[in-house]
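> Got a structure for you, model-v1.cif, holding mmCIF, C-alpha atoms and all ligand atoms.
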data_coords
#
loop_
_atom_site.label_atom_id
_atom_site.label_comp_id
_atom_site.auth_asym_id
_atom_site.auth_seq_id
_atom_site.Cartn_x
_atom_site.Cartn_y
_atom_site.Cartn_z
CA MET A 3 -34.62 7.41 6.00
CA ASN A 4 -37.57 5.06 6.18
CA CYS A 5 -35.95 1.74 6.93
CA SER A 6 -37.27 -1.53 5.47
CA ASP A 7 -38.05 -4.49 7.67
CA THR A 8 -35.28 -6.54 6.08
CA GLU A 9 -32.92 -7.00 8.98
CA TYR A 10 -29.39 -8.39 9.01
CA ASN A 11 -27.06 -9.35 11.82
CA CYS A 12 -24.06 -8.05 9.91
CA ILE A 13 -23.52 -6.06 6.74
CA ILE A 14 -20.03 -5.40 5.34
CA VAL A 15 -19.61 -2.49 2.95
CA GLY A 16 -16.89 -3.38 0.42
CA ALA A 17 -15.64 -6.78 -0.77
CA GLY A 18 -11.95 -5.81 -0.80
CA ALA A 19 -9.18 -7.39 1.24
CA ALA A 20 -10.39 -6.15 4.65
CA GLY A 21 -14.08 -6.93 4.03
CA LEU A 22 -13.22 -10.43 2.83
CA PHE A 23 -10.84 -11.10 5.75
CA TYR A 24 -13.70 -10.11 8.04
CA ALA A 25 -16.23 -12.34 6.28
CA ALA A 26 -13.79 -15.25 6.24
CA ALA A 27 -13.20 -14.90 9.99
CA ASP A 28 -16.75 -14.23 11.24
CA GLU A 29 -18.17 -17.65 12.12
CA THR A 30 -21.15 -16.31 14.08
CA GLU A 31 -24.68 -17.40 13.16
CA GLY A 32 -27.08 -14.97 11.53
CA ARG A 33 -28.16 -13.21 8.38
CA LYS A 34 -25.04 -11.69 6.84
CA LEU A 35 -24.35 -9.73 3.67
CA ILE A 36 -21.42 -8.14 1.83
CA ILE A 37 -22.31 -5.24 -0.44
CA GLU A 38 -19.83 -4.43 -3.21
CA LYS A 39 -20.27 -1.55 -5.59
CA THR A 40 -18.37 -3.11 -8.50
CA SER A 41 -19.20 -6.35 -10.25
CA ARG A 42 -16.31 -8.33 -8.70
CA PRO A 43 -14.74 -8.90 -5.27
CA GLY A 44 -11.11 -8.24 -4.32
CA GLN A 45 -9.96 -6.38 -7.41
CA LYS A 46 -7.08 -4.67 -5.61
CA LEU A 47 -6.18 -7.89 -3.80
CA LEU A 48 -5.77 -9.55 -7.20
CA MET A 49 -3.36 -6.82 -8.31
CA SER A 50 -1.35 -6.94 -5.10
CA GLY A 51 2.31 -7.92 -5.31
CA ASN A 52 2.11 -7.91 -9.13
CA GLY A 53 -0.61 -10.55 -9.01
CA MET A 54 1.34 -12.67 -6.50
CA CYS A 55 0.00 -11.01 -3.32
CA ASN A 56 2.65 -10.00 -0.82
CA ILE A 57 0.26 -10.74 2.03
CA THR A 58 2.51 -9.98 5.01
CA HIS A 59 6.11 -9.85 6.19
CA GLY A 60 8.28 -12.26 8.17
CA GLY A 61 10.02 -11.56 11.49
CA SER A 62 8.70 -10.27 14.78
CA ILE A 63 5.39 -8.39 14.78
CA LYS A 64 7.14 -5.87 17.04
CA ASP A 65 9.16 -4.75 14.02
CA PHE A 66 5.96 -3.96 12.09
CA ILE A 67 5.09 -0.89 14.16
CA ALA A 68 7.75 1.32 12.54
CA HIS A 69 6.30 0.54 9.11
CA TYR A 70 3.09 2.52 9.74
CA GLY A 71 4.78 5.89 10.40
CA ASP A 72 3.75 7.90 13.44
CA LYS A 73 0.40 6.04 13.71
CA GLY A 74 2.06 2.64 14.19
CA ALA A 75 2.05 2.80 17.99
CA LYS A 76 -1.73 3.34 18.03
CA ILE A 77 -2.43 0.05 16.26
CA ARG A 78 0.10 -1.95 18.28
CA THR A 79 -2.55 -3.90 20.23
CA CYS A 80 -4.47 -4.82 17.09
CA LEU A 81 -1.30 -6.02 15.32
CA TYR A 82 0.06 -7.94 18.31
CA LYS A 83 -3.28 -9.65 18.88
CA HIS A 84 -3.69 -10.67 15.24
CA SER A 85 -0.12 -10.92 14.04
CA ASN A 86 1.68 -12.07 10.92
CA LEU A 87 2.05 -15.53 12.50
CA GLU A 88 -1.70 -15.71 13.03
CA LEU A 89 -2.30 -14.62 9.43
CA MET A 90 0.05 -17.36 8.21
CA GLN A 91 -1.89 -19.91 10.26
CA PHE A 92 -5.20 -18.49 9.04
CA MET A 93 -4.17 -18.89 5.39
CA GLU A 94 -2.70 -22.34 6.06
CA ASN A 95 -6.06 -23.39 7.54
CA ALA A 96 -7.68 -22.06 4.38
CA ALA A 97 -5.38 -24.38 2.35
CA VAL A 98 -3.17 -21.50 1.15
CA PRO A 99 0.27 -22.05 2.71
CA LEU A 100 2.61 -19.07 2.56
CA THR A 101 6.25 -18.88 1.64
CA GLU A 102 8.84 -16.31 2.73
CA ARG A 103 11.26 -14.76 0.25
CA PRO A 104 14.83 -13.91 1.28
CA ASP A 105 13.78 -10.23 1.54
CA GLY A 106 11.22 -11.17 4.23
CA LYS A 107 8.10 -10.74 2.07
CA LEU A 108 5.48 -13.48 2.41
CA PHE A 109 3.43 -14.72 -0.54
CA PRO A 110 1.10 -17.67 -1.12
CA ALA A 111 3.35 -20.62 -2.06
CA SER A 112 1.53 -20.77 -5.41
CA MET A 113 2.50 -17.08 -6.02
CA ARG A 114 -1.11 -16.48 -7.09
CA ALA A 115 -3.18 -13.70 -5.52
CA ALA A 116 -6.21 -15.46 -7.03
CA ASP A 117 -5.66 -18.37 -4.60
CA VAL A 118 -5.89 -15.98 -1.64
CA LEU A 119 -9.08 -14.44 -3.04
CA ASP A 120 -10.68 -17.83 -3.77
CA ALA A 121 -9.87 -19.10 -0.27
CA LEU A 122 -11.34 -15.99 1.40
CA LEU A 123 -14.49 -16.18 -0.73
CA ALA A 124 -14.95 -19.89 0.06
CA LYS A 125 -14.62 -19.20 3.81
CA ALA A 126 -16.99 -16.23 3.58
CA TYR A 127 -19.64 -18.40 1.89
CA ARG A 128 -19.13 -21.13 4.51
CA ASN A 129 -19.63 -18.51 7.21
CA GLY A 130 -23.03 -17.71 5.72
CA PHE A 131 -22.33 -14.41 3.94
CA ALA A 132 -24.41 -13.55 0.88
CA PHE A 133 -22.90 -11.20 -1.73
CA LEU A 134 -24.61 -8.27 -3.42
CA TYR A 135 -22.63 -6.84 -6.38
CA ASP A 136 -23.06 -3.72 -8.51
CA CYS A 137 -24.66 -1.95 -5.61
CA ALA A 138 -23.20 0.89 -3.55
CA VAL A 139 -24.10 1.90 -0.03
CA THR A 140 -25.09 5.54 -0.41
CA GLY A 141 -26.22 6.59 3.06
CA ILE A 142 -26.35 5.75 6.75
CA ASP A 143 -29.46 6.64 8.71
CA GLU A 144 -29.11 9.81 10.76
CA GLY A 145 -31.93 8.73 13.04
CA SER A 146 -30.49 5.41 14.20
CA LYS A 147 -26.96 6.28 15.07
CA GLY A 148 -25.80 2.88 16.03
CA ASN A 149 -27.63 2.29 19.29
CA ALA A 150 -26.90 -1.35 19.93
CA SER A 151 -30.62 -2.17 20.19
CA ASP A 152 -31.72 -0.31 17.03
CA GLY A 153 -28.91 -1.27 14.72
CA VAL A 154 -28.20 0.94 11.71
CA CYS A 155 -30.23 1.70 8.63
CA ILE A 156 -28.37 2.04 5.32
CA SER A 157 -29.54 3.12 1.89
CA LEU A 158 -28.40 1.47 -1.34
CA SER A 159 -27.88 2.75 -4.88
CA ASP A 160 -30.74 0.47 -6.04
CA GLY A 161 -33.14 2.51 -3.91
CA ARG A 162 -33.59 -0.03 -1.09
CA THR A 163 -32.89 0.42 2.59
CA LEU A 164 -31.63 -2.30 4.92
CA ARG A 165 -31.29 -2.53 8.68
CA THR A 166 -28.37 -4.29 10.33
CA GLN A 167 -27.27 -4.90 13.91
CA LYS A 168 -23.62 -4.53 12.94
CA LEU A 169 -22.22 -2.46 10.07
CA VAL A 170 -18.61 -3.03 8.98
CA ILE A 171 -17.18 -0.31 6.74
CA ALA A 172 -14.39 -1.71 4.54
CA THR A 173 -14.54 0.70 1.62
CA GLY A 174 -10.77 1.22 1.22
CA GLY A 175 -8.96 4.43 0.27
CA ALA A 176 -8.91 6.43 -2.98
CA SER A 177 -6.00 4.94 -4.90
CA TYR A 178 -6.45 2.93 -8.10
CA PRO A 179 -10.04 4.23 -8.29
CA ALA A 180 -10.85 1.88 -11.19
CA THR A 181 -10.86 -0.98 -8.64
CA GLY A 182 -13.86 0.58 -6.90
CA SER A 183 -12.12 2.22 -3.96
CA ASP A 184 -12.37 5.85 -5.00
CA GLY A 185 -12.76 7.54 -1.61
CA SER A 186 -16.38 8.52 -2.29
CA PHE A 187 -17.66 6.71 0.81
CA MET A 188 -15.67 9.16 2.95
CA GLU A 189 -18.12 11.84 1.77
CA VAL A 190 -21.03 9.66 2.92
CA LEU A 191 -19.41 9.24 6.34
CA LYS A 192 -18.81 12.99 6.64
CA ARG A 193 -22.34 13.84 5.55
CA ASP A 194 -24.29 11.24 7.53
CA LEU A 195 -22.19 10.73 10.67
CA ASP A 196 -20.29 13.39 12.49
CA VAL A 197 -16.99 11.55 12.09
CA LYS A 198 -13.62 13.27 11.82
CA MET A 199 -11.55 12.45 8.73
CA THR A 200 -7.98 13.29 7.85
CA ALA A 201 -7.49 14.44 4.26
CA LEU A 202 -6.91 11.67 1.71
CA LYS A 203 -3.50 11.80 0.01
CA PRO A 204 -1.77 9.41 -2.38
CA ALA A 205 1.02 7.39 -0.74
CA LEU A 206 3.44 4.87 -2.22
CA ALA A 207 3.35 6.58 -5.62
CA PRO A 208 6.00 6.88 -8.33
CA VAL A 209 7.94 10.16 -8.32
CA PHE A 210 8.39 12.32 -11.42
CA VAL A 211 11.24 14.80 -11.94
CA GLU A 212 11.96 17.58 -14.43
CA ASN A 213 13.95 16.47 -17.50
CA TYR A 214 13.84 12.82 -16.39
CA PRO A 215 16.88 11.29 -18.10
CA TYR A 216 16.09 7.57 -17.90
CA SER A 217 13.00 7.01 -20.10
CA ASN A 218 14.86 4.57 -22.29
CA LEU A 219 16.17 2.64 -19.26
CA SER A 220 12.66 1.65 -18.14
CA GLY A 221 12.72 -1.64 -16.20
CA ILE A 222 16.24 -1.22 -14.79
CA SER A 223 16.31 -1.65 -11.03
CA PHE A 224 18.78 -1.08 -8.19
CA ASP A 225 18.86 -3.29 -5.09
CA ASP A 226 19.92 -0.57 -2.69
CA VAL A 227 19.86 3.23 -3.01
CA THR A 228 19.10 6.09 -0.66
CA VAL A 229 16.69 8.82 -1.72
CA SER A 230 16.30 12.05 0.23
CA CYS A 231 13.82 14.89 0.04
CA GLY A 232 12.52 17.51 2.46
CA GLY A 233 14.53 16.18 5.41
CA HIS A 234 13.40 12.55 4.89
CA THR A 235 15.61 9.74 3.67
CA GLU A 236 14.52 6.27 2.51
CA ARG A 237 16.74 3.35 1.63
CA GLY A 238 15.96 0.25 -0.43
CA PRO A 239 15.40 -0.97 -3.99
CA MET A 240 14.49 1.50 -6.75
CA LEU A 241 13.09 1.03 -10.24
CA LEU A 242 13.39 3.22 -13.34
CA THR A 243 10.14 3.45 -15.33
CA HIS A 244 9.61 5.22 -18.63
CA LYS A 245 8.04 8.22 -16.83
CA GLY A 246 9.90 8.42 -13.52
CA PHE A 247 11.23 6.64 -10.44
CA SER A 248 9.44 3.83 -8.65
CA GLY A 249 10.31 0.83 -6.41
CA PRO A 250 10.15 0.70 -2.60
CA ALA A 251 12.65 3.48 -1.71
CA MET A 252 10.93 5.96 -4.07
CA LEU A 253 7.38 4.85 -3.17
CA HIS A 254 8.18 5.41 0.50
CA ILE A 255 9.60 8.92 -0.03
CA SER A 256 6.69 9.91 -2.31
CA GLN A 257 4.47 11.15 0.49
CA TYR A 258 7.11 13.71 1.48
CA VAL A 259 7.88 15.16 -1.96
CA LYS A 260 6.36 18.29 -3.47
CA PRO A 261 6.70 19.82 -6.93
CA GLY A 262 9.81 22.03 -7.00
CA ALA A 263 11.52 20.16 -4.14
CA GLN A 264 15.00 18.75 -4.56
CA LEU A 265 15.31 14.96 -4.64
CA THR A 266 18.75 13.45 -4.06
CA ILE A 267 19.68 9.89 -5.01
CA ASN A 268 22.76 8.01 -3.85
CA TYR A 269 23.33 4.88 -5.94
CA LEU A 270 26.22 3.73 -3.71
CA PRO A 271 24.79 4.22 -0.21
CA ASP A 272 27.42 2.14 1.59
CA GLN A 273 30.33 4.15 0.25
CA ASN A 274 31.93 7.45 1.01
CA ILE A 275 32.28 10.08 -1.75
CA ALA A 276 35.98 10.73 -1.06
CA ASP A 277 36.78 6.98 -1.05
CA VAL A 278 34.98 6.39 -4.34
CA TYR A 279 36.80 9.30 -5.93
CA ARG A 280 40.14 7.97 -4.64
CA THR A 281 39.41 4.41 -5.85
CA ILE A 282 38.75 5.65 -9.38
CA ARG A 283 41.81 7.94 -9.35
CA ASP A 284 44.00 5.05 -8.16
CA ASP A 285 42.62 2.77 -10.87
CA GLN A 286 43.04 5.32 -13.66
CA PRO A 287 46.63 4.87 -14.81
CA ALA A 288 46.57 1.12 -15.23
CA ASN A 289 43.01 0.72 -16.50
CA SER A 290 42.30 0.50 -20.20
CA LYS A 291 38.54 -0.03 -19.87
CA GLY A 292 35.97 2.42 -21.20
CA ILE A 293 34.51 4.57 -18.40
CA ALA A 294 31.02 2.97 -18.49
CA ASN A 295 32.37 -0.59 -18.43
CA TYR A 296 34.67 0.31 -15.56
CA LEU A 297 31.91 1.96 -13.44
CA ALA A 298 29.49 -0.92 -14.10
CA SER A 299 31.96 -3.58 -13.00
CA GLU A 300 33.68 -1.69 -10.17
CA PHE A 301 30.48 -0.40 -8.54
CA ASP A 302 28.06 -3.11 -9.61
CA LEU A 303 25.86 -0.70 -11.56
CA PRO A 304 23.63 -1.70 -14.51
CA LYS A 305 25.70 -1.17 -17.66
CA ALA A 306 23.03 0.89 -19.47
CA PHE A 307 22.79 3.18 -16.44
CA ALA A 308 26.58 3.58 -16.26
CA GLU A 309 26.55 4.54 -19.94
CA LYS A 310 24.13 7.39 -19.13
CA LEU A 311 26.50 8.92 -16.58
CA PHE A 312 29.00 10.16 -19.10
CA SER A 313 28.49 11.78 -22.48
CA VAL A 314 31.08 9.55 -24.18
CA PRO A 315 30.76 6.24 -22.28
CA SER A 316 33.41 4.50 -24.36
CA ARG A 317 36.17 6.98 -23.45
CA LYS A 318 39.02 5.29 -21.65
CA LEU A 319 39.05 5.64 -17.87
CA SER A 320 42.67 6.76 -18.02
CA SER A 321 41.74 9.80 -20.16
CA ILE A 322 39.15 11.23 -17.74
CA GLY A 323 40.18 14.52 -16.17
CA HIS A 324 39.90 15.58 -12.53
CA LYS A 325 36.74 17.74 -12.94
CA GLU A 326 34.97 15.12 -15.09
CA LEU A 327 35.75 12.50 -12.49
CA GLU A 328 34.31 14.63 -9.70
CA ASN A 329 31.18 15.10 -11.74
CA ILE A 330 30.76 11.35 -12.32
CA VAL A 331 31.12 10.63 -8.60
CA HIS A 332 28.42 13.23 -7.88
CA LEU A 333 26.11 11.69 -10.46
CA MET A 334 26.49 8.33 -8.72
CA MET A 335 26.30 9.49 -5.11
CA ASP A 336 24.64 12.87 -4.91
CA ARG A 337 22.42 13.04 -7.98
CA LYS A 338 19.98 15.95 -7.67
CA HIS A 339 16.64 16.19 -9.48
CA THR A 340 13.81 18.70 -9.22
CA VAL A 341 10.50 17.02 -8.40
CA SER A 342 7.71 17.72 -10.89
CA GLY A 343 5.05 15.61 -9.16
CA THR A 344 3.96 12.14 -8.07
CA GLY A 345 1.74 9.50 -9.60
CA GLY A 346 -1.39 10.70 -7.77
CA PHE A 347 -4.28 8.44 -6.78
CA LYS A 348 -4.31 6.69 -10.17
CA GLU A 349 -0.87 5.22 -9.55
CA ALA A 350 -0.49 5.29 -5.75
CA MET A 351 -0.55 1.88 -4.10
CA VAL A 352 -2.21 3.17 -0.94
CA THR A 353 -3.99 6.17 0.47
CA ALA A 354 -2.84 8.18 3.46
CA GLY A 355 -5.67 9.70 5.53
CA GLY A 356 -9.18 8.44 6.20
CA VAL A 357 -11.33 7.95 9.29
CA SER A 358 -9.38 9.49 12.17
CA LEU A 359 -8.08 7.02 14.76
CA GLU A 360 -9.33 9.46 17.42
CA GLU A 361 -12.85 8.41 16.46
CA MET A 362 -12.13 4.74 17.00
CA ASN A 363 -12.37 2.30 19.84
CA LEU A 364 -9.31 0.39 18.69
CA LYS A 365 -10.13 -2.57 20.93
CA ASN A 366 -12.86 -3.64 18.51
CA MET A 367 -12.54 -1.16 15.61
CA SER A 368 -15.90 0.45 16.33
CA LEU A 369 -16.66 4.15 16.13
CA ILE A 370 -16.74 5.55 19.67
CA LYS A 371 -19.93 7.51 18.91
CA TYR A 372 -21.64 4.62 17.09
CA PRO A 373 -20.64 1.34 18.75
CA CYS A 374 -22.33 -0.91 16.18
CA ILE A 375 -20.48 0.69 13.24
CA HIS A 376 -16.97 -0.67 12.65
CA VAL A 377 -14.28 0.63 10.29
CA ILE A 378 -11.43 -1.58 9.03
CA GLY A 379 -8.61 -1.60 6.46
CA GLU A 380 -7.53 1.32 4.33
CA ALA A 381 -10.68 3.37 5.06
CA LEU A 382 -8.91 4.19 8.33
CA ASP A 383 -6.17 6.80 8.64
CA ILE A 384 -3.43 4.17 8.47
CA ASN A 385 -1.05 3.37 5.66
CA GLY A 386 1.93 1.07 5.73
CA ASP A 387 5.15 0.64 3.77
CA THR A 388 5.48 -1.79 0.90
CA GLY A 389 6.37 -5.32 1.99
CA GLY A 390 2.97 -6.75 3.02
CA TYR A 391 2.19 -4.23 5.77
CA ASN A 392 -1.05 -2.97 4.22
CA LEU A 393 -2.64 -6.38 3.78
CA GLN A 394 -1.46 -7.33 7.28
CA PHE A 395 -3.34 -4.31 8.63
CA ALA A 396 -6.41 -5.22 6.55
CA TYR A 397 -6.29 -8.64 8.27
CA SER A 398 -5.46 -7.46 11.81
CA SER A 399 -8.12 -4.74 11.79
CA ALA A 400 -10.73 -7.11 10.35
CA ARG A 401 -10.01 -9.79 12.99
CA THR A 402 -10.15 -7.19 15.73
CA ALA A 403 -13.60 -6.12 14.54
CA VAL A 404 -15.11 -9.66 14.48
C1 LIG A 501 -1.15 -2.17 -7.48
C2 LIG A 501 -1.23 -2.44 -6.00
C3 LIG A 501 -0.44 -3.42 -5.45
C4 LIG A 501 -0.50 -3.64 -4.06
N1 LIG A 501 0.28 -4.64 -3.54
C5 LIG A 501 0.24 -4.86 -2.20
C6 LIG A 501 0.97 -5.93 -1.64
O1 LIG A 501 1.60 -6.73 -2.36
N2 LIG A 501 0.95 -6.08 -0.28
C7 LIG A 501 0.22 -5.25 0.53
O2 LIG A 501 0.24 -5.41 1.76
N3 LIG A 501 -0.55 -4.28 0.01
C8 LIG A 501 -0.56 -4.07 -1.33
N4 LIG A 501 -1.35 -3.09 -1.86
C9 LIG A 501 -2.26 -2.35 -0.95
C10 LIG A 501 -3.46 -3.25 -0.58
O3 LIG A 501 -3.94 -3.89 -1.74
C11 LIG A 501 -4.57 -2.42 0.06
O4 LIG A 501 -4.04 -1.76 1.19
C12 LIG A 501 -5.74 -3.29 0.48
O5 LIG A 501 -6.33 -3.88 -0.66
C13 LIG A 501 -6.79 -2.46 1.24
O6 LIG A 501 -7.88 -3.29 1.51
P1 LIG A 501 -9.31 -2.66 1.82
O7 LIG A 501 -10.26 -3.80 1.89
O8 LIG A 501 -9.23 -1.73 2.96
O9 LIG A 501 -9.66 -1.78 0.53
P2 LIG A 501 -9.89 -2.27 -0.97
O10 LIG A 501 -9.15 -3.52 -1.24
O11 LIG A 501 -9.61 -1.07 -1.79
O12 LIG A 501 -11.45 -2.62 -1.03
C14 LIG A 501 -12.47 -1.66 -0.85
C15 LIG A 501 -13.72 -2.19 -1.55
O13 LIG A 501 -14.83 -1.39 -1.15
C16 LIG A 501 -15.67 -1.19 -2.29
N5 LIG A 501 -16.47 0.01 -2.07
C17 LIG A 501 -16.04 1.29 -1.97
N6 LIG A 501 -17.09 2.11 -1.73
C18 LIG A 501 -18.19 1.33 -1.65
C19 LIG A 501 -19.58 1.60 -1.40
N7 LIG A 501 -20.03 2.85 -1.20
N8 LIG A 501 -20.45 0.57 -1.41
C20 LIG A 501 -20.01 -0.73 -1.63
N9 LIG A 501 -18.71 -1.02 -1.88
C21 LIG A 501 -17.82 -0.02 -1.87
C22 LIG A 501 -14.67 -1.05 -3.43
O14 LIG A 501 -15.27 -1.27 -4.69
C23 LIG A 501 -13.63 -2.11 -3.07
O15 LIG A 501 -13.94 -3.36 -3.62
C24 LIG A 501 -1.35 -2.87 -3.24
C25 LIG A 501 -2.15 -1.90 -3.82
C26 LIG A 501 -2.11 -1.68 -5.18
C27 LIG A 501 -3.00 -0.64 -5.79
#
Can you turn what I pasted into structure tokens?
Ligand SMILES: Cc1cc2nc3c(=O)[nH]c(=O)nc-3n(C[C@H](O)[C@H](O)[C@H](O)COP(=O)(O)OP(=O)(O)OC[C@H]3O[C@@H](n4cnc5c(N)ncnc54)[C@H](O)[C@@H]3O)c2cc1C

Amino acid sequence: MNCSDTEYNCIIVGAGAAGLFYAAADETEGRKLIIEKTSRPGQKLLMSGNGMCNITHGGSIKDFIAHYGDKGAKIRTCLYKHSNLELMQFMENAAVPLTERPDGKLFPASMRAADVLDALLAKAYRNGFAFLYDCAVTGIDEGSKGNASDGVCISLSDGRTLRTQKLVIATGGASYPATGSDGSFMEVLKRDLDVKMTALKPALAPVFVENYPYSNLSGISFDDVTVSCGGHTERGPMLLTHKGFSGPAMLHISQYVKPGAQLTINYLPDQNIADVYRTIRDDQPANSKGIANYLASEFDLPKAFAEKLFSVPSRKLSSIGHKELENIVHLMMDRKHTVSGTGGFKEAMVTAGGVSLEEMNLKNMSLIKYPCIHVIGEALDINGDTGGYNLQFAYSSARTAV
């Protein structure tokens, strides 16, 4: 690559959450640029938390580690150093105070992701970053592999080349590709730098099952279920959609399910099968309610869901036989489905896999082989649970790289 004389102190690739957190935090002097391949910044950030942006989680940062699977321990230092409390303060300083919901999720008090985006853009401009839209970074110079003195040369989709002292890669994963993060930059990294990647996989995706019975119950949610598959169990809220299961418990199990596997749902996770059976048996003689009404009120289940559990939902509880009763208890507490697939990258909230943490100096998020190239956010092989953990990592990794 024949590099132009145009030289920058810092170039960020990708104006998503991590790139913008970086730009908003980097107050150093110099010529600085963010290159974004789509026409708009922060498209995924705007979608986050249903447009409200669940930016982080409350409680001790120590409790965050378990929410990044087996990689959590590796990013401990980065999270502790730039914690959820620091992120709250950072947003407060940017005139976006946060509020904590009873479930521990933190949002901007305005409940508008757009306020987070606007504040980050304003800080980035104040810090001297220029923005280049509709332009992708398509290559990194083989010849100047990040020697601190040479900087790095990058090529752009408009045919230009630029040199920069510091390159920050914030190109995201491969989920929701319409937002711009389609995983294609991973191919550039593999081709141009000898950097190890772990395979990209959808994570936090809806789960589809054969003969899904709840299409017409779309929108019904449960506060607390357990879902099990392949030796993993997740507990939490679950949502019925018109095509399959979603909501935190199902999104979390999605990375462990495979077509053909058995998925088990327990809608009454605090109860014991034998006790539930006994409760219903004891209630039978004196109860004149229809079975669906009884199940909905006794076990706090959505009425429409309770109606689905029995072929004749209006039949009186007292008329239900022993075998039928056993079957109903199983449908509530040990409901088995055969997995047909998951939502894939189009519907997955995050991507598992990316630049291997073995390649990283996690003290400053630089590549060990190329100290002036940094990688932050979802481009790295880190993915968190729902609840604000992914945006927290975007922030913590970005701050660590500044
Ligand atoms: C529907 C949805 C809801 C979510 N809700 C939440 C939530 O409430 N809380 C939470 O913590 N997380 C949430 N997430 C996850 C969170 O949004 C992501 O983890 C986070 O946005 C990742 O930030 P990032 O900057 O690493 O990547 P991204 O935000 O994906 O940004 C990457 C950017 O890089 C650009 N880019 C890619 N390649 C190039 C290139 N070659 N040249 C130039 N630019 C390039 C892309 O166009 C994109 O703008 C949600 C995700 C989705 C899809």
> Check which residues fall inside 6 Å of ligand LIG 501 (chain A) when counting only C-alpha atoms and all ligand atoms, and print them as JSON, numbers by chain.
{"A": [15, 16, 17, 18, 19, 20, 21, 37, 38, 39, 40, 43, 44, 46, 47, 49, 50, 51, 55, 56, 57, 138, 139, 140, 172, 173, 174, 175, 178, 181, 182, 183, 187, 351, 352, 379, 380, 381, 389, 390, 391, 392, 393, 396]}
> At what distance in Å, to one decimal, does CA of Glu189 in chain A lie from CA of His376 in chain A?
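Between CA of His376 in chain A and CA of Glu189 in chain A the gap is 16.6 Å.
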> Check the smallest atom-to-atom distance from each of A:Leu48, A:Ile282, A:Ala205, A:Ala306 to Ser217 in chain A using all atoms listed in the file, then report the winner.
A:Ala306
> Nearest to Leu382 in chain A: which of A:Asn329, A:Thr200, A:Asn4, A:Asn11 is it, counting only C-alpha atoms?
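Among the listed residues, the smallest separation from Leu382 in chain A belongs to A:Thr200.
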> Determine, counting only C-alpha atoms, every residue of protein, DNA or RNA that lies within 9 Å of (-7.3, 7.8, 13.9) in the file coordinates, then give the result as a list in words.
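All residues meeting the 9 Å criterion around (-7.3, 7.8, 13.9) are Lys73, Lys76, Lys198, Met199, Thr200, Gly355, Gly356, Val357, Ser358, Leu359, Glu360, Glu361, Met362, Leu382, Asp383 and Ile384 of chain A.
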> How far is it from CA of Lys168 in chain A to CA of His84 in chain A, in Å with one decimal?
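CA of His84 in chain A lies at a distance of 21.0 Å from CA of Lys168 in chain A.
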> In terms of the shortest atom-to-atom distance over only C-alpha atoms, which of A:Phe224, A:Tyr82, A:Phe347, A:Phe247 is closest to Phe210 in chain A?
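When distances to Phe210 in chain A are compared using only C-alpha atoms, the smallest one comes from A:Phe247.
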> Provide the CA of His234 in chain A to CA of Asn268 in chain A distance in Å, to one decimal place.
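That distance, rounded to one decimal, is 13.6 Å.
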> Could you produce a table of the residues of range 293-371 of chain A lying within 12 Å of range 248-252 of chain A, with the nearest pair of atoms per residue and their separation in Å rounded to one decimal, using all atoms listed in the file, ordered by chain and increasing residue number, as JSON lines?

{"residue": "A:Val341", "atom": "CA", "partner": "A:Met252", "partner_atom": "CA", "distance": 11.9}
{"residue": "A:Thr344", "atom": "CA", "partner": "A:Ser248", "partner_atom": "CA", "distance": 10.0}
{"residue": "A:Gly345", "atom": "CA", "partner": "A:Ser248", "partner_atom": "CA", "distance": 9.6}
{"residue": "A:Glu349", "atom": "CA", "partner": "A:Ser248", "partner_atom": "CA", "distance": 10.4}
{"residue": "A:Ala350", "atom": "CA", "partner": "A:Ser248", "partner_atom": "CA", "distance": 10.4}
{"residue": "A:Met351", "atom": "CA", "partner": "A:Pro250", "partner_atom": "CA", "distance": 10.9}
> Return the single residue from A:Leu206, A:Ile267, A:Met54, A:Leu89 that is closest to Ala115 in chain A, with distances computed using all atoms listed in the file.
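Once distances to Ala115 in chain A are computed over all atoms listed in the file, the minimum belongs to A:Met54.
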> As a PDB file, in the frame of the given file, please: range 176-182 of chain A completed to N, CA and C atoms.

ATOM      1  N   ALA A 176      -8.519   5.769  -1.720  1.00  0.00           N
ATOM      2  CA  ALA A 176      -8.910   6.430  -2.980  1.00  0.00           C
ATOM      3  C   ALA A 176      -7.933   6.108  -4.101  1.00  0.00           C
ATOM      4  N   SER A 177      -6.982   5.189  -3.846  1.00  0.00           N
ATOM      5  CA  SER A 177      -6.000   4.940  -4.900  1.00  0.00           C
ATOM      6  C   SER A 177      -6.474   3.828  -5.829  1.00  0.00           C
ATOM      7  N   TYR A 178      -5.979   3.851  -7.061  1.00  0.00           N
ATOM      8  CA  TYR A 178      -6.450   2.930  -8.100  1.00  0.00           C
ATOM      9  C   TYR A 178      -7.982   2.936  -8.141  1.00  0.00           C
ATOM     10  N   PRO A 179      -8.587   4.118  -8.398  1.00  0.00           N
ATOM     11  CA  PRO A 179     -10.040   4.230  -8.290  1.00  0.00           C
ATOM     12  C   PRO A 179     -10.804   3.266  -9.205  1.00  0.00           C
ATOM     13  N   ALA A 180     -10.151   2.809 -10.289  1.00  0.00           N
ATOM     14  CA  ALA A 180     -10.850   1.880 -11.190  1.00  0.00           C
ATOM     15  C   ALA A 180     -11.195   0.564 -10.498  1.00  0.00           C
ATOM     16  N   THR A 181     -10.553   0.264  -9.358  1.00  0.00           N
ATOM     17  CA  THR A 181     -10.860  -0.980  -8.640  1.00  0.00           C
ATOM     18  C   THR A 181     -12.105  -0.833  -7.769  1.00  0.00           C
ATOM     19  N   GLY A 182     -12.658   0.366  -7.704  1.00  0.00           N
ATOM     20  CA  GLY A 182     -13.860   0.580  -6.900  1.00  0.00           C
ATOM     21  C   GLY A 182     -13.616   1.434  -5.679  1.00  0.00           C
TER      22      GLY A 182
END
